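Structure below is data_26.cif: mmCIF, C-alpha atoms.
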```
data_final
#
loop_
_atom_site.label_atom_id
_atom_site.label_comp_id
_atom_site.auth_asym_id
_atom_site.auth_seq_id
_atom_site.Cartn_x
_atom_site.Cartn_y
_atom_site.Cartn_z
CA MET A 1 18.71 1.94 -17.48
CA THR A 2 22.22 3.27 -18.05
CA ILE A 3 24.18 4.39 -15.01
CA GLN A 4 25.91 7.70 -15.61
CA PRO A 5 29.58 7.78 -14.62
CA ASN A 6 30.66 10.08 -11.82
CA PRO A 7 31.98 13.28 -13.48
CA ASP A 8 34.56 13.69 -10.73
CA ASP A 9 36.01 10.21 -11.24
CA VAL A 10 38.76 10.90 -13.74
CA ALA A 11 41.40 8.49 -12.42
CA TRP A 12 41.22 6.53 -15.68
CA MET A 13 42.63 9.56 -17.53
CA SER A 14 46.11 8.84 -16.21
CA GLN A 15 46.09 5.60 -18.24
CA ALA A 16 44.81 7.18 -21.45
CA MET A 17 47.02 6.88 -24.52
CA CYS A 18 46.18 10.47 -25.45
CA LYS A 19 47.72 11.85 -22.28
CA GLY A 20 50.21 14.54 -23.24
CA ARG A 21 49.19 14.36 -26.91
CA THR A 22 46.60 17.12 -26.96
CA ASP A 23 47.47 18.34 -30.46
CA GLU A 24 46.62 14.95 -31.92
CA PHE A 25 43.11 14.93 -30.45
CA PHE A 26 41.95 18.54 -30.70
CA ILE A 27 42.12 19.00 -34.44
CA ALA A 28 40.72 21.33 -37.07
CA ARG A 29 37.34 20.50 -38.51
CA GLY A 30 37.52 18.66 -41.80
CA ASP A 31 40.98 17.18 -41.22
CA THR A 32 39.90 13.61 -41.93
CA GLU A 33 43.45 12.26 -41.84
CA ALA A 34 44.03 13.64 -38.34
CA VAL A 35 40.66 12.31 -37.17
CA ALA A 36 41.53 8.84 -38.47
CA HIS A 37 44.91 9.02 -36.73
CA ALA A 38 43.33 10.01 -33.39
CA LYS A 39 40.70 7.28 -33.69
CA SER A 40 43.42 4.69 -34.38
CA ILE A 41 45.09 5.65 -31.10
CA CYS A 42 41.75 5.41 -29.28
CA ALA A 43 41.17 1.95 -30.75
CA THR A 44 44.17 0.59 -28.85
CA CYS A 45 43.67 2.60 -25.65
CA PRO A 46 43.06 0.55 -22.49
CA VAL A 47 40.52 3.08 -21.16
CA VAL A 48 38.58 3.84 -24.34
CA THR A 49 35.32 2.54 -22.83
CA ASP A 50 35.73 4.69 -19.71
CA CYS A 51 36.53 7.67 -21.91
CA ARG A 52 33.52 7.10 -24.15
CA ASP A 53 31.16 6.68 -21.19
CA TYR A 54 32.56 9.79 -19.59
CA VAL A 55 32.24 12.00 -22.65
CA ILE A 56 28.71 10.86 -23.47
CA TYR A 57 27.48 11.95 -20.05
CA ASN A 58 29.96 14.79 -19.45
CA PRO A 59 30.26 16.08 -22.96
CA GLU A 60 33.28 17.79 -24.36
CA ILE A 61 32.61 20.30 -27.08
CA TYR A 62 35.81 19.69 -29.04
CA GLY A 63 38.15 16.89 -29.93
CA ILE A 64 38.17 13.15 -30.27
CA TRP A 65 37.10 11.40 -27.06
CA GLY A 66 36.48 7.69 -26.74
CA GLY A 67 37.12 7.30 -30.45
CA MET A 68 34.24 9.62 -31.34
CA THR A 69 33.99 13.08 -32.87
CA GLU A 70 31.57 15.61 -31.40
CA ARG A 71 29.19 14.95 -34.29
CA GLU A 72 29.26 11.20 -33.54
CA ARG A 73 28.70 11.87 -29.85
CA ARG A 74 25.71 14.11 -30.59
CA ALA A 75 24.23 11.41 -32.86
CA TYR A 76 24.76 8.78 -30.15
CA ARG A 77 23.08 10.97 -27.52
CA LEU A 78 20.15 11.67 -29.84
CA ALA A 79 19.72 7.98 -30.73
CA ASN A 80 19.79 7.03 -27.04
CA GLY A 81 17.63 9.84 -25.67
CA ILE A 82 20.43 11.55 -23.75
CA GLU A 83 19.84 15.30 -23.50
CA LEU A 84 22.52 17.78 -22.56
CA SER A 85 19.96 20.09 -21.03
CA SER A 86 19.21 17.46 -18.40
CA PHE A 87 22.56 18.04 -16.69
CA ALA A 88 22.60 19.79 -13.34
CA HIS A 89 24.42 23.05 -12.73
CA GLY A 90 28.00 22.60 -11.62
CA THR A 91 28.74 19.94 -14.23
CA ARG A 92 30.74 20.05 -17.41
CA GLY A 93 27.71 18.74 -19.29
CA LYS A 94 25.66 21.78 -18.37
CA PHE A 95 28.60 24.03 -19.37
CA ALA A 96 28.79 22.25 -22.73
CA SER A 97 25.10 22.93 -23.28
CA GLY A 98 25.77 26.65 -22.94
CA CYS A 99 25.48 27.49 -19.25
CA ARG A 100 28.13 29.91 -18.01
CA CYS A 101 27.13 30.23 -14.36
CA TYR A 102 29.88 30.18 -11.74
CA ASP A 103 29.30 26.54 -10.75
CA CYS A 104 29.47 25.27 -14.33
CA ARG A 105 32.59 27.31 -15.14
CA PHE A 106 34.19 26.02 -11.94
CA ALA A 107 33.44 22.39 -12.91
CA VAL A 108 35.26 22.88 -16.21
CA SER A 109 38.16 24.66 -14.52
CA ARG A 110 38.49 21.88 -11.93
CA LEU A 111 38.75 19.19 -14.59
CA ARG A 112 41.29 21.16 -16.64
CA THR A 113 43.42 21.58 -13.53
CA GLU A 114 43.17 17.85 -12.79
CA TRP A 115 44.07 17.00 -16.39
CA ARG A 116 47.18 19.22 -16.30
CA ARG A 117 48.37 17.54 -13.09
CA ARG A 118 48.38 14.12 -14.71
#
```

Output the file's structure in the form of structure tokens.
Amino acid sequence: MTIQPNPDDVAWMSQAMCKGRTDEFFIARGDTEAVAHAKSICATCPVVTDCRDYVIYNPEIYGIWGGMTERERRAYRLANGIELSSFAHGTRGKFASGCRCYDCRFAVSRLRTEWRRR
């Protein structure tokens, strides 16, 4: 059984090589050169495993996270029986699956604020 990481534990983000390089990781669809560039940065990142674990269980809709595109993350979740709909309200995972209730919007807002502070 896989243990899901705590969605509020984002301390590892301060060590991420992508910190402050948003434009290099949130790229237009179909830009294979930019995707390869972002993945090459992830490959040398000291927290790539933390990032990948985090994004699998607290999915981001856009961007390269943990060296994976959203399509790759969806395929991984499907292959491993991880469903987005199984996330509780008040989590970014539930927001990513389409919920726009106050608690889910607040969870996303809280993480964005935390990310900007780092």

Inset, instruction - Taking the file above as input, evaluate the PyMOL selection byres ((chain A and resi 14-16) around 9) and report the hits as a list of chain:residue names. - result: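 Taken over the shown coordinates, the PyMOL selection byres ((chain A and resi 14-16) around 9) returns A:Val10, A:Ala11, A:Trp12, A:Met13, A:Met17, A:Cys18, A:Lys19, A:Cys42, A:Cys45, A:Pro46, A:Val47, A:Val48, A:Cys51, A:Trp115, A:Arg118.
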
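Residue nearest Cys104 of chain A, chosen from A:Thr69, A:Thr49, A:Asn80, A:Asn58 and counting all atoms listed in the file: A:Asn58.
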
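When only C-alpha atoms are used to compute distances to Gly67 of chain A, the closest of the residues A:Leu111, A:Val55, A:Cys99, A:Ile27 turns out to be A:Val55.
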
Inset, instruction - Select, counting all atoms listed in the file, all protein, DNA and RNA residues no farther than 6 Å from (27.9, 13.9, -27.9) in file coordinates, and express the selection as a ChimeraX atom specification. - result: /A:56,59,70,73-74,77

Legend entry - Pick from A:Asp9, A:Ile64, A:Arg21, A:Tyr76, whichever lies nearest to Arg110 of chain A using all atoms listed in the file: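 So, comparing all the options, the nearest one is A:Asp9.
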
Inset, instruction - Take atom CA of Ala107 of chain A and atom CA of Phe26 of chain A and report the distance between them in Å, one decimal. - result: 20.1 Å

Inset, instruction - Can you work out the spacing between atom CA of Ser109 of chain A and atom CA of Val35 of chain A in Å, to one decimal? - result: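 Separation between atom CA of Ser109 of chain A and atom CA of Val35 of chain A: 25.9 Å.
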